[in-house]
>>> print(open('final_9.tsv').read())   # TSV, C-alpha atoms
chain	number	residue	atom	x	y	z
J	245	ALA	CA	-20.86	22.24	-45.54
J	246	ALA	CA	-22.91	21.05	-48.46
J	247	GLU	CA	-25.89	18.72	-48.51
J	248	GLY	CA	-26.12	16.31	-45.57
J	249	GLY	CA	-23.39	18.12	-43.63
J	250	LEU	CA	-20.63	16.86	-45.97
J	251	PRO	CA	-17.80	19.13	-47.10
J	252	ALA	CA	-18.36	20.51	-50.62
J	253	SER	CA	-15.61	18.31	-52.12
J	254	ALA	CA	-17.16	15.13	-50.67
J	255	ALA	CA	-20.65	16.13	-51.81
J	256	ALA	CA	-19.28	16.77	-55.33
J	257	ALA	CA	-17.57	13.35	-55.34
J	258	LEU	CA	-20.81	11.65	-54.28
J	259	ALA	CA	-22.75	13.52	-56.98
J	260	ALA	CA	-20.24	12.26	-59.57
J	261	GLY	CA	-20.82	8.68	-58.37
J	262	LYS	CA	-17.48	8.40	-56.56
J	263	LEU	CA	-17.19	7.33	-52.94
J	264	PRO	CA	-14.72	9.24	-50.77
J	265	THR	CA	-12.18	6.80	-49.36
J	266	GLY	CA	-9.25	6.93	-46.99
J	267	ARG	CA	-6.65	4.74	-45.36
J	268	VAL	CA	-5.26	4.77	-41.83
J	269	VAL	CA	-1.48	5.03	-42.14
J	270	GLY	CA	-0.65	5.08	-38.44
J	271	ILE	CA	-1.87	5.66	-34.91
J	272	ILE	CA	0.16	8.22	-33.01
J	273	ARG	CA	-1.38	7.63	-29.60
J	274	ARG	CA	-4.25	5.55	-28.30
J	275	ASN	CA	-6.79	7.40	-26.20
J	276	TRP	CA	-7.20	4.85	-23.39
J	277	ARG	CA	-8.73	6.22	-20.20
J	278	ALA	CA	-6.00	6.78	-17.60
J	279	ARG	CA	-8.36	6.10	-14.69
J	280	GLY	CA	-9.46	2.77	-16.16
J	281	TYR	CA	-12.80	1.18	-16.92
J	282	ALA	CA	-15.40	-0.16	-14.48
J	283	ALA	CA	-16.09	-3.77	-15.40
J	284	SER	CA	-17.00	-7.24	-14.17
J	285	LEU	CA	-15.70	-10.68	-15.10
J	286	LYS	CA	-17.55	-12.54	-17.82
J	287	PRO	CA	-19.05	-15.65	-16.18
J	288	PRO	CA	-17.99	-19.00	-17.65
J	289	GLY	CA	-20.36	-20.24	-20.33
J	290	PRO	CA	-22.12	-23.61	-20.34
J	291	GLY	CA	-19.57	-26.42	-20.25
J	292	GLN	CA	-16.73	-24.09	-19.22
J	293	LYS	CA	-14.97	-24.47	-15.89
J	294	ALA	CA	-14.57	-21.55	-13.52
J	295	PRO	CA	-10.89	-20.61	-13.04
J	296	LYS	CA	-9.23	-22.16	-9.99
J	297	SER	CA	-8.01	-20.02	-7.11
J	298	GLY	CA	-4.31	-19.16	-7.18
J	299	VAL	CA	-3.82	-20.26	-10.80
J	300	THR	CA	-3.20	-17.51	-13.34
J	301	ALA	CA	-6.08	-17.45	-15.81
J	302	ASN	CA	-6.78	-15.26	-18.83
J	303	VAL	CA	-10.33	-13.99	-18.42
J	304	LEU	CA	-12.53	-11.50	-20.19
J	305	VAL	CA	-13.99	-8.56	-18.30
J	306	ILE	CA	-17.05	-6.76	-19.60
J	307	PRO	CA	-16.96	-2.97	-19.18
J	308	VAL	CA	-20.07	-1.39	-17.68
J	309	ASP	CA	-20.18	0.99	-20.65
J	310	ARG	CA	-21.27	-1.36	-23.46
J	311	ARG	CA	-19.63	0.87	-26.10
J	312	TYR	CA	-16.29	-0.68	-25.14
J	313	PRO	CA	-15.24	-4.24	-26.04
J	314	ALA	CA	-14.46	-6.98	-23.58
J	315	ILE	CA	-10.92	-6.68	-22.17
J	316	ARG	CA	-8.64	-9.68	-21.58
J	317	ILE	CA	-6.75	-9.71	-18.26
J	318	ALA	CA	-4.56	-12.28	-16.51
J	319	THR	CA	-5.42	-12.82	-12.86
J	320	ARG	CA	-4.94	-15.36	-10.07
J	321	GLN	CA	-8.08	-14.19	-8.26
J	322	ALA	CA	-10.74	-14.85	-10.91
J	323	ASP	CA	-12.88	-16.91	-8.51
J	324	THR	CA	-13.01	-14.13	-5.89
J	325	LEU	CA	-13.64	-11.39	-8.49
J	326	MET	CA	-16.55	-13.18	-10.17
J	327	ASP	CA	-19.29	-11.21	-8.33
J	328	LYS	CA	-17.34	-7.94	-8.06
J	329	ARG	CA	-17.17	-4.65	-9.92
J	330	ILE	CA	-13.53	-3.99	-10.71
J	331	VAL	CA	-11.45	-1.33	-12.43
J	332	VAL	CA	-9.23	-2.44	-15.31
J	333	ALA	CA	-6.76	-0.49	-17.42
J	334	VAL	CA	-6.08	-1.17	-21.10
J	335	ASP	CA	-2.40	-1.82	-21.89
J	336	GLY	CA	-2.67	-2.34	-25.65
J	337	TRP	CA	-4.47	-4.05	-28.47
J	338	GLU	CA	-2.55	-6.32	-30.81
J	339	ALA	CA	-3.62	-6.14	-34.45
J	340	ASP	CA	-4.43	-9.87	-34.57
J	341	SER	CA	-6.36	-9.97	-31.27
J	342	THR	CA	-10.12	-9.89	-30.86
J	343	HIS	CA	-9.85	-8.13	-27.48
J	344	PRO	CA	-7.58	-5.47	-26.00
J	345	ALA	CA	-5.18	-6.62	-23.27
J	346	GLY	CA	-5.35	-5.00	-19.86
J	347	HIS	CA	-4.67	-5.45	-16.20
J	348	TYR	CA	-6.59	-5.41	-12.92
J	349	VAL	CA	-6.34	-2.10	-11.02
J	350	ARG	CA	-8.64	-2.45	-8.01
J	351	THR	CA	-11.90	-3.86	-6.70
J	352	LEU	CA	-14.83	-1.49	-6.21
J	353	GLY	CA	-17.09	-3.98	-4.40
J	354	THR	CA	-19.95	-6.40	-4.92
J	355	ILE	CA	-22.12	-6.06	-8.03
J	356	GLY	CA	-25.50	-4.52	-7.16
J	357	ASP	CA	-24.38	-2.80	-3.95
J	358	LYS	CA	-25.75	0.77	-3.99
J	359	ASP	CA	-22.48	2.42	-2.91
J	360	VAL	CA	-20.47	0.37	-5.42
J	361	GLU	CA	-22.80	1.16	-8.31
J	362	THR	CA	-22.71	4.86	-7.32
J	363	GLU	CA	-18.91	4.75	-7.48
J	364	VAL	CA	-19.16	3.08	-10.91
J	365	ILE	CA	-21.35	5.93	-12.18
J	366	LEU	CA	-18.92	8.52	-10.84
J	367	LEU	CA	-15.96	6.72	-12.42
J	368	GLU	CA	-17.67	6.23	-15.78
J	369	HIS	CA	-18.61	9.91	-15.99
J	370	ASP	CA	-15.22	11.18	-14.79
J	371	ILE	CA	-16.63	12.80	-11.65
J	372	PRO	CA	-13.99	13.27	-8.94
J	373	ALA	CA	-14.84	11.29	-5.82
J	374	ALA	CA	-11.61	11.73	-3.84
J	375	PRO	CA	-11.81	12.81	-0.19
J	376	PHE	CA	-11.84	16.56	0.40
J	377	THR	CA	-8.52	18.28	1.02
J	378	GLN	CA	-7.63	19.93	4.32
J	379	ALA	CA	-8.18	23.37	2.70
J	380	VAL	CA	-11.82	22.42	2.01
J	381	HIS	CA	-12.27	21.08	5.55
J	382	ASP	CA	-10.91	24.37	6.91
J	383	CYS	CA	-13.83	26.22	5.27
J	384	VAL	CA	-16.46	24.15	7.08
J	385	PRO	CA	-18.07	25.66	10.22
J	386	GLU	CA	-16.93	24.38	13.60
J	387	GLN	CA	-18.56	21.14	14.70
J	388	PRO	CA	-21.06	20.36	16.04
J	389	TRP	CA	-23.12	22.63	13.80
J	390	SER	CA	-26.86	22.44	13.33
J	391	VAL	CA	-29.65	24.39	11.71
J	392	THR	CA	-31.12	26.92	14.12
J	393	PRO	CA	-34.76	28.04	14.32
J	394	ALA	CA	-33.57	31.44	13.06
J	395	ASP	CA	-32.18	29.77	9.92
J	396	LEU	CA	-35.55	28.14	9.21
J	397	GLU	CA	-37.46	31.41	9.71
J	398	GLU	CA	-35.53	33.24	6.98
J	399	PRO	CA	-37.82	34.20	4.07
J	400	GLY	CA	-37.57	31.90	1.06
J	401	ARG	CA	-35.98	29.02	3.01
J	402	GLU	CA	-37.52	25.58	3.25
J	403	ASP	CA	-36.27	22.61	5.27
J	404	LEU	CA	-35.57	19.79	2.79
J	405	ARG	CA	-33.24	17.72	4.96
J	406	HIS	CA	-35.64	14.77	4.86
J	407	LEU	CA	-35.15	14.45	1.06
J	408	PRO	CA	-32.14	13.02	-0.81
J	409	ILE	CA	-30.99	15.88	-3.04
J	410	CYS	CA	-28.40	15.99	-5.80
J	411	SER	CA	-27.33	19.18	-7.54
J	412	VAL	CA	-25.75	19.00	-11.00
J	413	ASP	CA	-23.95	22.26	-11.67
J	414	PRO	CA	-21.62	23.47	-14.42
J	415	PRO	CA	-17.90	23.86	-13.70
J	416	GLY	CA	-17.20	26.97	-11.65
J	417	CYS	CA	-20.76	27.30	-10.29
J	418	LYS	CA	-20.73	29.27	-7.03
J	419	ASP	CA	-24.39	30.10	-6.40
J	420	ILE	CA	-25.20	27.08	-4.23
>>> encode(input="final_9.tsv", output="structure tokens")
Amino acid sequence: AAEGGLPASAAAALAAGKLPTGRVVGIIRRNWRARGYAASLKPPGPGQKAPKSGVTANVLVIPVDRRYPAIRIATRQADTLMDKRIVVAVDGWEADSTHPAGHYVRTLGTIGDKDVETEVILLEHDIPAAPFTQAVHDCVPEQPWSVTPADLEEPGREDLRHLPICSVDPPGCKDI
């Protein structure tokens, strides 16, 4: 790479006063997220009426991740989804449309609820949150299990059960 991280040919073109240009000739495949986007309905603006219950309405949903544009969906439950976090999937984006078209997938819960917002964070960062499989449950000690005094007396151990703790580990980490 030449000056500014540009390839040598682009740097030479810039030095000669020419701007490198290109043209998109086609899109082979869009990279929409298969699991969808966490979002909430855009509230009606001043002078706009809220959609009626049971009537199909085209509404905009605003993704939690502000890097993505508003997505247009058709729904008959706009009034009940107004204060909810929902998951929407993108179906396509017409060349003459301001917003991509999508569809409702599921409701996560009420905006602001701690468990709902936690699920939003997990979804937005592609962290699996599915229930554990039976194979994982089979590895857990028999219940009821509790910490024994002998466990607490081991050197280098400290009882931190009174604290909320989160461990962020790389894939394949086995030292915890």
>>> residues_around(input="final_9.tsv", residues="stretch 333-337 of chain J", least_positions_apart="4", cutoff="6 Å", atoms="all atoms listed in the file", output="MDAnalysis selection string")
chainID J and resid 280 344:347
>>> residues_around(input="final_9.tsv", residues="stretch 373-390 of chain J", least_positions_apart="6", cutoff="10 Å", atoms="all atoms listed in the file", output="list in words")
Glu363, Leu366 and Leu367 of chain J
>>> write_last_selection(input="final_9.tsv", atoms="C-alpha atoms", output="PDB file, keeping the file's coordinate frame")
ATOM      1  CA  GLU J 363     -18.910   4.750  -7.480  1.00  0.00           C
ATOM      2  CA  LEU J 366     -18.920   8.520 -10.840  1.00  0.00           C
ATOM      3  CA  LEU J 367     -15.960   6.720 -12.420  1.00  0.00           C
TER       4      LEU J 367
END
>>> closest_residue(input="final_9.tsv", among="J:Ser297, J:Thr354, J:Gln292, J:Thr342", to="J:Ile330", atoms="all atoms listed in the file")
J:Thr354
>>> atom_distance(input="final_9.tsv", atom1="atom CA of J:Asp340", atom2="atom CA of J:Leu304")
16.6 Å
>>> closest_residue(input="final_9.tsv", among="J:Leu258, J:Ala394, J:Ala283, J:Val269", to="J:Glu361", atoms="only C-alpha atoms")
J:Ala283
>>> residues_near_point(input="final_9.tsv", point="(-13.5, 15.2, -15.0)", cutoff="12 Å", atoms="all atoms listed in the file", output="ChimeraX atom specification")
/J:277-279,366-374,414-415
>>> atom_distance(input="final_9.tsv", atom1="atom CA of J:Thr362", atom2="atom CA of J:Ser284")
15.0 Å
>>> closest_residue(input="final_9.tsv", among="J:His406, J:Arg273, J:Lys262, J:His343", to="J:Asn302", atoms="only C-alpha atoms")
J:His343
>>> atom_distance(input="final_9.tsv", atom1="atom CA of J:Trp276", atom2="atom CA of J:Thr324")
26.5 Å
>>> residues_around(input="final_9.tsv", residues="J:Pro307", least_positions_apart="4", cutoff="9 Å", atoms="all atoms listed in the file", output="list in words")
Tyr281, Ala282, Ala283, Ser284, Leu285, Arg311, Tyr312, Pro313, Ala314, Ile315, Val331 and Val332 of chain J
>>> decode(input="final_9.tsv", residues="stretch 373-393 of chain J", atoms="N, CA, C and O atoms", output="PDB file, in the first residue's frame")
ATOM      1  N   ALA J 373     -28.684 -17.447  22.552  1.00  0.00           N
ATOM      2  CA  ALA J 373     -29.411 -17.379  23.810  1.00  0.00           C
ATOM      3  C   ALA J 373     -30.454 -18.491  23.892  1.00  0.00           C
ATOM      4  O   ALA J 373     -31.395 -18.404  24.670  1.00  0.00           O
ATOM      5  N   ALA J 374     -30.283 -19.541  23.087  1.00  0.00           N
ATOM      6  CA  ALA J 374     -31.224 -20.657  23.090  1.00  0.00           C
ATOM      7  C   ALA J 374     -31.054 -21.475  24.371  1.00  0.00           C
ATOM      8  O   ALA J 374     -29.972 -21.483  24.970  1.00  0.00           O
ATOM      9  N   PRO J 375     -32.097 -22.169  24.792  1.00  0.00           N
ATOM     10  CA  PRO J 375     -31.973 -23.025  25.981  1.00  0.00           C
ATOM     11  C   PRO J 375     -30.894 -24.094  25.759  1.00  0.00           C
ATOM     12  O   PRO J 375     -30.625 -24.502  24.630  1.00  0.00           O
ATOM     13  N   PHE J 376     -30.274 -24.519  26.850  1.00  0.00           N
ATOM     14  CA  PHE J 376     -29.243 -25.542  26.767  1.00  0.00           C
ATOM     15  C   PHE J 376     -29.826 -26.871  26.318  1.00  0.00           C
ATOM     16  O   PHE J 376     -30.967 -27.209  26.630  1.00  0.00           O
ATOM     17  N   THR J 377     -29.017 -27.633  25.587  1.00  0.00           N
ATOM     18  CA  THR J 377     -29.442 -28.947  25.113  1.00  0.00           C
ATOM     19  C   THR J 377     -29.410 -29.953  26.270  1.00  0.00           C
ATOM     20  O   THR J 377     -28.826 -29.688  27.325  1.00  0.00           O
ATOM     21  N   GLN J 378     -30.004 -31.110  26.043  1.00  0.00           N
ATOM     22  CA  GLN J 378     -29.995 -32.162  27.055  1.00  0.00           C
ATOM     23  C   GLN J 378     -28.565 -32.611  27.359  1.00  0.00           C
ATOM     24  O   GLN J 378     -28.237 -32.923  28.504  1.00  0.00           O
ATOM     25  N   ALA J 379     -27.687 -32.638  26.358  1.00  0.00           N
ATOM     26  CA  ALA J 379     -26.291 -33.044  26.569  1.00  0.00           C
ATOM     27  C   ALA J 379     -25.603 -32.109  27.569  1.00  0.00           C
ATOM     28  O   ALA J 379     -24.823 -32.558  28.412  1.00  0.00           O
ATOM     29  N   VAL J 380     -25.902 -30.813  27.501  1.00  0.00           N
ATOM     30  CA  VAL J 380     -25.324 -29.866  28.455  1.00  0.00           C
ATOM     31  C   VAL J 380     -25.905 -30.116  29.840  1.00  0.00           C
ATOM     32  O   VAL J 380     -25.176 -30.143  30.836  1.00  0.00           O
ATOM     33  N   HIS J 381     -27.211 -30.317  29.925  1.00  0.00           N
ATOM     34  CA  HIS J 381     -27.845 -30.588  31.221  1.00  0.00           C
ATOM     35  C   HIS J 381     -27.298 -31.857  31.856  1.00  0.00           C
ATOM     36  O   HIS J 381     -27.209 -31.947  33.086  1.00  0.00           O
ATOM     37  N   ASP J 382     -26.919 -32.827  31.044  1.00  0.00           N
ATOM     38  CA  ASP J 382     -26.382 -34.086  31.574  1.00  0.00           C
ATOM     39  C   ASP J 382     -25.027 -33.891  32.246  1.00  0.00           C
ATOM     40  O   ASP J 382     -24.605 -34.729  33.042  1.00  0.00           O
ATOM     41  N   CYS J 383     -24.319 -32.813  31.942  1.00  0.00           N
ATOM     42  CA  CYS J 383     -23.010 -32.539  32.539  1.00  0.00           C
ATOM     43  C   CYS J 383     -23.099 -31.816  33.888  1.00  0.00           C
ATOM     44  O   CYS J 383     -22.111 -31.695  34.595  1.00  0.00           O
ATOM     45  N   VAL J 384     -24.282 -31.349  34.228  1.00  0.00           N
ATOM     46  CA  VAL J 384     -24.481 -30.586  35.458  1.00  0.00           C
ATOM     47  C   VAL J 384     -24.591 -31.555  36.639  1.00  0.00           C
ATOM     48  O   VAL J 384     -25.216 -32.609  36.516  1.00  0.00           O
ATOM     49  N   PRO J 385     -23.993 -31.198  37.792  1.00  0.00           N
ATOM     50  CA  PRO J 385     -24.102 -32.083  38.968  1.00  0.00           C
ATOM     51  C   PRO J 385     -25.554 -32.311  39.373  1.00  0.00           C
ATOM     52  O   PRO J 385     -26.429 -31.483  39.091  1.00  0.00           O
ATOM     53  N   GLU J 386     -25.786 -33.416  40.057  1.00  0.00           N
ATOM     54  CA  GLU J 386     -27.129 -33.741  40.541  1.00  0.00           C
ATOM     55  C   GLU J 386     -27.655 -32.622  41.431  1.00  0.00           C
ATOM     56  O   GLU J 386     -26.904 -31.999  42.175  1.00  0.00           O
ATOM     57  N   GLN J 387     -28.937 -32.399  41.364  1.00  0.00           N
ATOM     58  CA  GLN J 387     -29.583 -31.359  42.154  1.00  0.00           C
ATOM     59  C   GLN J 387     -30.236 -31.981  43.387  1.00  0.00           C
ATOM     60  O   GLN J 387     -30.650 -33.117  43.331  1.00  0.00           O
ATOM     61  N   PRO J 388     -30.355 -31.364  44.492  1.00  0.00           N
ATOM     62  CA  PRO J 388     -29.855 -30.019  44.759  1.00  0.00           C
ATOM     63  C   PRO J 388     -28.352 -30.052  45.050  1.00  0.00           C
ATOM     64  O   PRO J 388     -27.863 -30.930  45.748  1.00  0.00           O
ATOM     65  N   TRP J 389     -27.648 -29.086  44.523  1.00  0.00           N
ATOM     66  CA  TRP J 389     -26.209 -28.955  44.733  1.00  0.00           C
ATOM     67  C   TRP J 389     -25.966 -27.612  45.390  1.00  0.00           C
ATOM     68  O   TRP J 389     -26.650 -26.633  45.094  1.00  0.00           O
ATOM     69  N   SER J 390     -25.032 -27.551  46.294  1.00  0.00           N
ATOM     70  CA  SER J 390     -24.694 -26.275  46.918  1.00  0.00           C
ATOM     71  C   SER J 390     -23.203 -26.249  47.222  1.00  0.00           C
ATOM     72  O   SER J 390     -22.539 -27.286  47.263  1.00  0.00           O
ATOM     73  N   VAL J 391     -22.711 -25.060  47.458  1.00  0.00           N
ATOM     74  CA  VAL J 391     -21.309 -24.874  47.819  1.00  0.00           C
ATOM     75  C   VAL J 391     -21.130 -25.369  49.248  1.00  0.00           C
ATOM     76  O   VAL J 391     -21.902 -25.026  50.138  1.00  0.00           O
ATOM     77  N   THR J 392     -20.102 -26.162  49.455  1.00  0.00           N
ATOM     78  CA  THR J 392     -19.829 -26.698  50.801  1.00  0.00           C
ATOM     79  C   THR J 392     -18.774 -25.848  51.485  1.00  0.00           C
ATOM     80  O   THR J 392     -18.015 -25.127  50.828  1.00  0.00           O
ATOM     81  N   PRO J 393     -18.691 -25.927  52.807  1.00  0.00           N
ATOM     82  CA  PRO J 393     -17.618 -25.204  53.515  1.00  0.00           C
ATOM     83  C   PRO J 393     -16.233 -25.612  53.009  1.00  0.00           C
ATOM     84  O   PRO J 393     -15.319 -24.786  52.943  1.00  0.00           O
TER      85      PRO J 393
END
